[in-house]
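Structure below is input-v6.txt: compact mmCIF, C-alpha atoms.
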# COMPACT_ATOMS: atom_id res chain seq x y z
CA MET A 1 39.49 97.86 96.44
CA SER A 2 38.44 100.92 98.35
CA GLN A 3 37.51 99.54 101.75
CA LEU A 4 39.77 97.95 104.29
CA ASP A 5 38.50 94.62 105.54
CA ARG A 6 39.93 91.26 106.50
CA THR A 7 39.53 89.82 103.02
CA ASN A 8 41.57 92.61 101.53
CA CYS A 9 44.41 92.02 104.00
CA GLU A 10 44.42 88.31 103.25
CA GLU A 11 44.35 88.98 99.52
CA ALA A 12 47.18 91.47 99.87
CA PHE A 13 49.26 89.09 101.95
CA ARG A 14 48.75 86.29 99.46
CA ARG A 15 50.43 88.50 96.87
CA LEU A 16 53.26 89.70 99.10
CA ASN A 17 56.05 87.74 97.40
CA ASP A 18 54.87 88.50 93.89
CA TYR A 19 54.60 92.16 94.87
CA LEU A 20 58.14 92.24 96.21
CA ASP A 21 59.45 90.65 93.02
CA ARG A 22 57.34 92.88 90.77
CA ARG A 23 55.51 89.89 89.37
CA LEU A 24 52.05 91.48 89.55
CA THR A 25 50.10 92.87 86.65
CA ALA A 26 49.60 96.64 86.57
CA ASP A 27 46.06 96.21 87.91
CA GLU A 28 47.12 93.89 90.70
CA LEU A 29 49.95 96.24 91.62
CA ARG A 30 47.61 99.22 91.80
CA ILE A 31 45.19 97.32 94.04
CA ILE A 32 47.94 96.26 96.43
CA GLU A 33 49.48 99.71 96.58
CA GLU A 34 46.08 101.26 97.28
CA HIS A 35 45.61 98.77 100.08
CA LEU A 36 49.02 99.53 101.55
CA LYS A 37 48.14 103.22 101.66
CA ILE A 38 45.19 102.60 103.92
CA CYS A 39 46.32 99.55 105.92
CA ALA A 40 49.10 100.28 108.37
CA TRP A 41 49.43 96.64 109.43
CA CYS A 42 49.95 95.31 105.94
CA ALA A 43 52.22 98.21 105.03
CA ARG A 44 54.38 97.46 108.04
CA GLU A 45 54.56 93.75 107.24
CA PHE A 46 55.31 94.35 103.56
CA ASN A 47 57.95 96.91 104.45
CA PHE A 48 59.63 94.51 106.85
CA GLU A 49 59.68 91.67 104.32
CA ALA A 50 61.11 94.00 101.68
CA SER A 51 63.74 95.13 104.16
CA VAL A 52 64.80 91.52 104.85
CA LEU A 53 65.08 90.69 101.16
CA TYR A 54 66.93 93.89 100.34
CA GLY A 55 69.26 93.49 103.30
CA VAL A 56 70.14 89.90 102.46
CA LYS A 57 70.78 90.79 98.82
CA ARG A 58 72.90 93.77 99.81
CA LYS A 59 75.00 91.74 102.22
CA LEU A 60 75.53 88.73 99.99
CA ARG A 61 76.54 90.83 97.01
CA GLN A 62 79.51 92.35 98.84
CA LEU A 63 81.58 89.37 97.76
CA GLU A 64 84.12 90.04 95.00
CA ALA A 65 85.98 87.44 93.00
CA PRO A 66 89.71 87.29 93.80
CA PRO A 67 91.46 89.72 91.42
CA GLU A 68 93.73 87.03 89.96
CA LEU A 69 90.92 84.57 89.26
CA VAL A 70 90.01 85.83 85.79
CA SER A 71 93.58 85.89 84.51
CA LYS A 72 94.29 82.51 86.10
CA ILE A 73 91.30 80.89 84.41
CA LEU A 74 91.78 82.64 81.08
CA SER A 75 95.43 81.59 80.99
CA GLN A 76 94.32 77.96 81.07
CA LEU A 77 91.96 78.26 78.12
CA PRO A 78 93.09 77.33 74.63
CA PRO A 79 94.73 80.44 73.10
CA THR A 80 92.06 81.02 70.49
CA HIS A 81 88.49 79.84 70.36
CA GLN A 82 87.82 77.37 67.61
CA ALA A 83 84.76 75.34 66.83
CA GLU A 84 85.33 71.84 68.05
CA SER A 85 83.92 68.77 66.52
CA MET B 1 42.76 105.03 109.80
CA THR B 2 44.46 106.58 106.83
CA LEU B 3 48.18 106.14 106.97
CA ASN B 4 50.34 106.29 103.90
CA LEU B 5 52.99 103.68 104.48
CA GLY B 6 53.00 102.52 100.89
CA SER B 7 55.94 104.62 99.81
CA PRO B 8 58.72 102.96 101.84
CA VAL B 9 57.52 99.54 100.72
CA ALA B 10 57.48 100.61 97.11
CA GLU B 11 60.90 102.20 97.54
CA LEU B 12 62.43 99.04 98.98
CA SER B 13 60.74 96.98 96.33
CA ARG B 14 62.23 99.19 93.66
CA VAL B 15 65.66 98.68 95.22
CA LEU B 16 65.09 94.94 95.37
CA THR B 17 64.28 94.77 91.72
CA GLY B 18 66.40 97.74 90.79
CA THR B 19 67.85 95.99 87.81
CA ALA B 20 64.85 94.73 85.97
CA PRO B 21 65.51 91.52 84.04
CA SER B 22 64.75 93.26 80.80
CA SER B 23 67.41 95.85 81.50
CA LEU B 24 70.18 93.35 82.19
CA PRO B 25 73.14 93.89 79.91
CA GLN B 26 72.90 91.70 76.88
CA ALA B 27 75.98 90.37 75.23
CA ASP B 28 77.43 92.38 72.40
CA ALA B 29 77.19 90.28 69.25
CA THR B 30 80.92 90.66 68.63
CA ALA B 31 82.12 90.30 72.22
CA SER B 32 84.79 87.70 72.85
CA PHE B 33 84.42 84.87 75.32
CA GLU B 34 87.15 86.41 77.42
CA SER B 35 85.45 89.79 77.77
CA LEU B 36 82.05 88.24 78.47
CA PHE B 37 83.51 85.91 81.06
CA ALA B 38 85.40 88.74 82.76
CA SER B 39 82.18 90.77 82.99
CA CYS B 40 80.33 88.07 84.88
CA VAL B 41 83.04 86.40 86.92
CA SER B 42 82.26 88.22 90.17
CA SER B 43 78.64 87.21 89.98
CA ALA B 44 79.56 83.62 89.09
CA PHE B 45 82.13 83.46 91.86
CA GLY B 46 79.57 84.76 94.36
CA VAL B 47 77.11 82.05 93.37
CA ALA B 48 79.87 79.43 93.47
CA MET B 49 80.95 80.55 96.95
CA ARG B 50 77.42 80.23 98.26
CA LEU B 51 77.02 76.80 96.70
CA THR B 52 80.36 75.24 97.59
CA ARG B 53 80.84 77.11 100.88
CA ASN B 54 84.59 77.61 100.49
CA GLN B 55 86.85 79.67 98.27
CA ALA B 56 89.03 76.92 96.83
CA ASP B 57 86.03 74.86 95.71
CA ALA B 58 84.33 77.99 94.39
CA GLU B 59 87.35 78.88 92.26
CA ASP B 60 87.53 75.30 90.96
CA LEU B 61 83.84 75.37 90.11
CA VAL B 62 84.13 78.65 88.20
CA GLN B 63 87.17 77.30 86.39
CA ASP B 64 85.40 74.05 85.41
CA ALA B 65 82.44 76.07 84.16
CA ALA B 66 84.71 78.45 82.23
CA LEU B 67 86.45 75.58 80.45
CA LEU B 68 83.14 74.02 79.47
CA ALA B 69 81.66 77.36 78.46
CA HIS B 70 84.68 78.18 76.34
CA ARG B 71 84.39 74.84 74.60
CA ALA B 72 80.66 75.37 74.01
CA PHE B 73 80.86 79.05 73.13
CA ASP B 74 79.59 78.32 69.60
CA SER B 75 76.24 77.38 71.12
CA PHE B 76 75.86 80.75 72.86
CA THR B 77 73.50 83.08 71.01
CA PRO B 78 75.10 86.54 70.66
CA GLY B 79 72.89 89.29 72.01
CA THR B 80 71.37 87.13 74.75
CA ASN B 81 72.24 87.12 78.43
CA PHE B 82 75.71 85.59 78.72
CA ARG B 83 75.59 85.59 82.53
CA ALA B 84 72.46 83.43 82.59
CA TRP B 85 74.03 81.12 80.00
CA PHE B 86 77.23 80.84 82.01
CA LEU B 87 75.36 80.25 85.28
CA LYS B 88 73.46 77.39 83.66
CA ILE B 89 76.79 75.71 82.90
CA LEU B 90 78.10 76.49 86.37
CA ILE B 91 75.03 74.96 88.01
CA ASN B 92 75.41 71.84 85.86
CA CYS B 93 79.04 71.56 86.96
CA TYR B 94 77.95 71.96 90.56
CA TYR B 95 75.36 69.20 90.32
CA SER B 96 77.90 66.92 88.59
CA ARG B 97 80.29 67.45 91.48
CA ARG B 98 77.58 66.78 94.00
CA ARG B 99 76.69 63.53 92.29
CA ARG B 100 80.34 62.48 92.26
CA GLU B 101 80.68 63.28 95.93
CA LYS B 102 77.45 61.40 96.63
CA CYS B 103 76.30 64.20 98.89
CA ARG B 104 72.91 63.69 100.40
CA PRO B 105 70.71 66.62 101.32
CA VAL B 106 70.60 67.22 105.03
CA THR B 107 67.28 67.00 106.81
CA SER B 108 65.92 70.33 107.87
CA ASP B 109 63.76 71.66 110.64
CA LEU B 110 62.97 74.70 108.53
CA ASP B 111 60.06 73.16 106.64
CA ASP B 112 57.36 74.33 109.01
CA THR B 113 58.38 77.99 109.19
CA PRO B 114 55.28 80.17 109.56
CA ASP B 115 54.71 83.36 107.57
CA LEU B 116 56.32 86.55 108.83
CA TYR B 117 58.61 84.57 111.12
CA LEU B 118 61.35 87.17 111.39
CA TYR B 119 58.86 89.99 111.74
CA ALA B 120 57.15 88.26 114.65
CA ARG B 121 60.39 87.25 116.36
CA SER B 122 61.98 90.66 115.85
CA GLY B 123 59.00 92.32 117.44
CA GLU B 124 59.12 89.97 120.42
CA ALA B 125 62.87 90.57 120.89
CA GLY B 126 62.65 94.35 120.67
CA PHE B 127 64.22 94.74 117.23
CA PRO B 128 62.64 97.32 114.92
CA THR B 129 59.67 96.19 112.83
CA GLN B 130 59.00 99.53 111.20
CA GLY B 131 60.90 102.47 109.73
CA PRO B 132 62.64 102.91 106.42
CA ASP B 133 64.71 99.68 106.63
CA PRO B 134 63.55 97.83 109.74
CA ALA B 135 65.49 94.58 109.29
CA ALA B 136 68.81 96.39 108.78
CA GLN B 137 69.77 96.36 112.46
CA LEU B 138 69.40 92.60 112.83
CA LEU B 139 71.11 91.86 109.51
CA GLU B 140 73.95 94.22 110.39
CA LYS B 141 74.54 92.38 113.66
CA LEU B 142 74.50 89.04 111.86
CA GLY B 143 76.98 90.11 109.18
CA THR B 144 77.60 88.79 105.69
CA GLU B 145 79.16 85.45 106.58
CA ARG B 146 76.41 84.44 108.98
CA ILE B 147 73.74 85.49 106.49
CA ALA B 148 75.52 83.29 103.95
CA GLU B 149 75.50 80.50 106.52
CA ALA B 150 71.71 80.87 106.81
CA ILE B 151 71.43 80.29 103.05
CA ASN B 152 73.71 77.27 103.44
CA ARG B 153 71.30 75.73 105.94
CA LEU B 154 68.45 75.59 103.44
CA PRO B 155 67.68 72.20 101.89
CA GLU B 156 69.52 71.80 98.57
CA GLU B 157 66.68 72.63 96.16
CA TYR B 158 65.85 75.82 98.08
CA ARG B 159 69.49 76.76 98.59
CA VAL B 160 70.33 76.70 94.88
CA VAL B 161 67.33 78.73 93.74
CA SER B 162 67.74 81.20 96.62
CA THR B 163 71.43 81.62 95.82
CA LEU B 164 70.64 82.52 92.22
CA TYR B 165 67.92 84.89 93.39
CA PHE B 166 69.93 86.70 96.03
CA MET B 167 73.27 86.81 94.23
CA ASP B 168 72.12 87.97 90.85
CA ASP B 169 69.38 89.94 89.13
CA LEU B 170 68.00 87.04 87.16
CA SER B 171 64.29 86.91 86.45
CA TYR B 172 62.19 83.90 87.48
CA GLU B 173 62.27 82.85 83.83
CA GLU B 174 66.05 83.10 83.65
CA ILE B 175 66.46 81.13 86.89
CA ALA B 176 64.10 78.50 85.47
CA GLY B 177 66.31 78.37 82.38
CA VAL B 178 69.45 77.98 84.49
CA LEU B 179 67.91 75.19 86.56
CA ARG B 180 65.95 73.65 83.67
CA CYS B 181 62.74 73.59 85.64
CA PRO B 182 59.32 75.26 85.27
CA VAL B 183 58.90 78.90 86.30
CA GLY B 184 56.23 77.81 88.78
CA THR B 185 58.78 75.62 90.52
CA VAL B 186 61.18 78.55 90.82
CA ARG B 187 58.41 80.71 92.23
CA SER B 188 57.24 78.19 94.83
CA ARG B 189 60.78 77.29 95.91
CA LEU B 190 61.75 80.94 96.21
CA HIS B 191 58.72 81.82 98.28
CA ARG B 192 59.15 78.81 100.54
CA GLY B 193 62.92 79.29 100.67
CA ARG B 194 62.43 82.84 101.94
CA LYS B 195 60.37 81.62 104.85
CA MET B 196 62.99 79.01 105.70
CA LEU B 197 65.74 81.60 105.40
CA GLN B 198 64.02 83.78 107.98
CA LYS B 199 63.99 80.94 110.48
CA ALA B 200 67.61 80.08 109.71
CA LEU B 201 68.61 83.71 110.25
CA TRP B 202 66.87 83.74 113.60
CA GLN B 203 68.46 80.43 114.65
CA ILE B 204 71.88 81.92 113.90
CA ALA B 205 71.03 85.11 115.77
CA GLU B 206 70.22 82.93 118.78
CA GLU B 207 73.39 80.83 118.40
CA ASP B 208 75.51 83.98 118.17
CA GLY B 209 73.88 85.53 121.21
CA ILE B 210 72.43 88.40 119.20
CA VAL B 211 69.05 87.46 120.59
CA ARG B 212 68.30 85.43 123.67
CA GLN B 213 67.48 81.76 123.17
CA PRO B 214 64.22 80.69 124.76
CA ALA B 215 64.50 78.26 127.66
CA HIS B 216 62.61 75.69 125.62
CA GLN B 217 62.42 76.15 121.86
CA GLU B 218 58.93 76.77 120.60
CA ASP B 219 58.21 77.89 117.08
CA ALA B 220 55.17 79.53 115.56

As structure tokens - that is how I would like this structure written.
Amino acid sequence: MSQLDRTNCEEAFRRLNDYLDRRLTADELRIIEEHLKICAWCAREFNFEASVLYGVKRKLRQLEAPPELVSKILSQLPPTHQAES
Amino acid sequence: MTLNLGSPVAELSRVLTGTAPSSLPQADATASFESLFASCVSSAFGVAMRLTRNQADAEDLVQDAALLAHRAFDSFTPGTNFRAWFLKILINCYYSRRRREKCRPVTSDLDDTPDLYLYARSGEAGFPTQGPDPAAQLLEKLGTERIAEAINRLPEEYRVVSTLYFMDDLSYEEIAGVLRCPVGTVRSRLHRGRKMLQKALWQIAEEDGIVRQPAHQEDA
């Protein structure tokens, strides 16, 4: 993929989600990254989508389990693990 | 035009997938249930919070899952991903509760969300659409709880898969294992769920006055 045309943008966009999740093959990844180097529009769209995903992940992962939860749950388990029939 | 904007995208993508599934910690073959559970409880609690929407129910859900997991620990294969195994049990507990409560999925107006919804709306409203982390400003204004609320607004099947995706570094294959569904189903629900999430985020931004609501709502 060396030339920028409408087909390339559509092809790139079709692979946006798989690109963001690193689900592309090495060849597919290279093609998309080459396209993003020469297509400002796609690069901007991809960057924005990545920013949304990253931001949502970052925000949602700020949640910590209450400190007493582990001990509370573990205290209610049988004292030693045994195979049960 | 030759403009190298590939790097920031690649950088963000690397952050997104910073912990590759293959590099997830695998359970030590001799690790006890207690130590394995303690290592994944924050992640499990986070998923439970997003699913149940309140702390008391989330704690109960993690506790139910822990009791079942402890009882079934013999069936866990040492050296495999304990967190994925535990989340599978937790999700089963969640669905059992939902069936008992006879909860019905709410209807959603998110189904018809067009591509790049947030990008288009952000541009129209004067929020950044380019730069190193262009969505950060909007997400910062929304805050964690309202972003969680956006996930909560997704229809059930999209909410569960999106929760697993956003709260943990599970691969598509691991999420498919947790949900006992094909990888293709995970992929399509995730991709569609992301579009819906963007619309839900924007709806909340409008409700909270972060962006101005149009006089008459018109999507697309």

Within 9 Å of chain B: residues of chain A, using only C-alpha atoms, as an NGL selection string: :A and (17-22 or 33-40 or 43-66 or 69-74 or 76-78 or 81-84)

Between CA of Cys93 in chain B and CA of Ala65 in chain B, distance in Å (one decimal): 6.3 Å

Distance query Glu206 in chain B at most 12 Å, all atoms listed in the file, self and fewer than 4 positions along chain excluded, as number ranges by chain: B: 121-122, 125, 138, 141-142, 146, 199-202, 210-215, 217

Could the residues in this selection be written to a file with C-alpha atoms, as a PDB file, keeping the file's coordinate frame?
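So out_29.pdb came out as:
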ATOM      1  CA  ARG B 121      60.390  87.250 116.360  1.00  0.00           C
ATOM      2  CA  SER B 122      61.980  90.660 115.850  1.00  0.00           C
ATOM      3  CA  ALA B 125      62.870  90.570 120.890  1.00  0.00           C
ATOM      4  CA  LEU B 138      69.400  92.600 112.830  1.00  0.00           C
ATOM      5  CA  LYS B 141      74.540  92.380 113.660  1.00  0.00           C
ATOM      6  CA  LEU B 142      74.500  89.040 111.860  1.00  0.00           C
ATOM      7  CA  ARG B 146      76.410  84.440 108.980  1.00  0.00           C
ATOM      8  CA  LYS B 199      63.990  80.940 110.480  1.00  0.00           C
ATOM      9  CA  ALA B 200      67.610  80.080 109.710  1.00  0.00           C
ATOM     10  CA  LEU B 201      68.610  83.710 110.250  1.00  0.00           C
ATOM     11  CA  TRP B 202      66.870  83.740 113.600  1.00  0.00           C
ATOM     12  CA  ILE B 210      72.430  88.400 119.200  1.00  0.00           C
ATOM     13  CA  VAL B 211      69.050  87.460 120.590  1.00  0.00           C
ATOM     14  CA  ARG B 212      68.300  85.430 123.670  1.00  0.00           C
ATOM     15  CA  GLN B 213      67.480  81.760 123.170  1.00  0.00           C
ATOM     16  CA  PRO B 214      64.220  80.690 124.760  1.00  0.00           C
ATOM     17  CA  ALA B 215      64.500  78.260 127.660  1.00  0.00           C
ATOM     18  CA  GLN B 217      62.420  76.150 121.860  1.00  0.00           C
TER      19      GLN B 217
END

Coordinates-based distance that separates CA of Ala12 in chain A from CA of Ile32 in chain A (Å, one decimal): 5.9 Å

Mind giving me the axis-aligned box for range 17-27 of chain A with 5 Å on every side, centre plus edges in Å to one decimal, as AutoDock Vina command-line options?
--center_x 52.8 --center_y 92.2 --center_z 92.0 --size_x 23.4 --size_y 18.9 --size_z 20.8

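One finds CA of Asp27 in chain A at 27.1 Å from CA of Gly193 in chain B.
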
All residues 9 Å or closer to Leu179 in chain B, all atoms listed in the file, same chain fewer than 2 positions away omitted, as JSON, numbers by chain: {"B": [88, 91, 92, 160, 161, 174, 175, 176, 177, 181, 182, 186]}
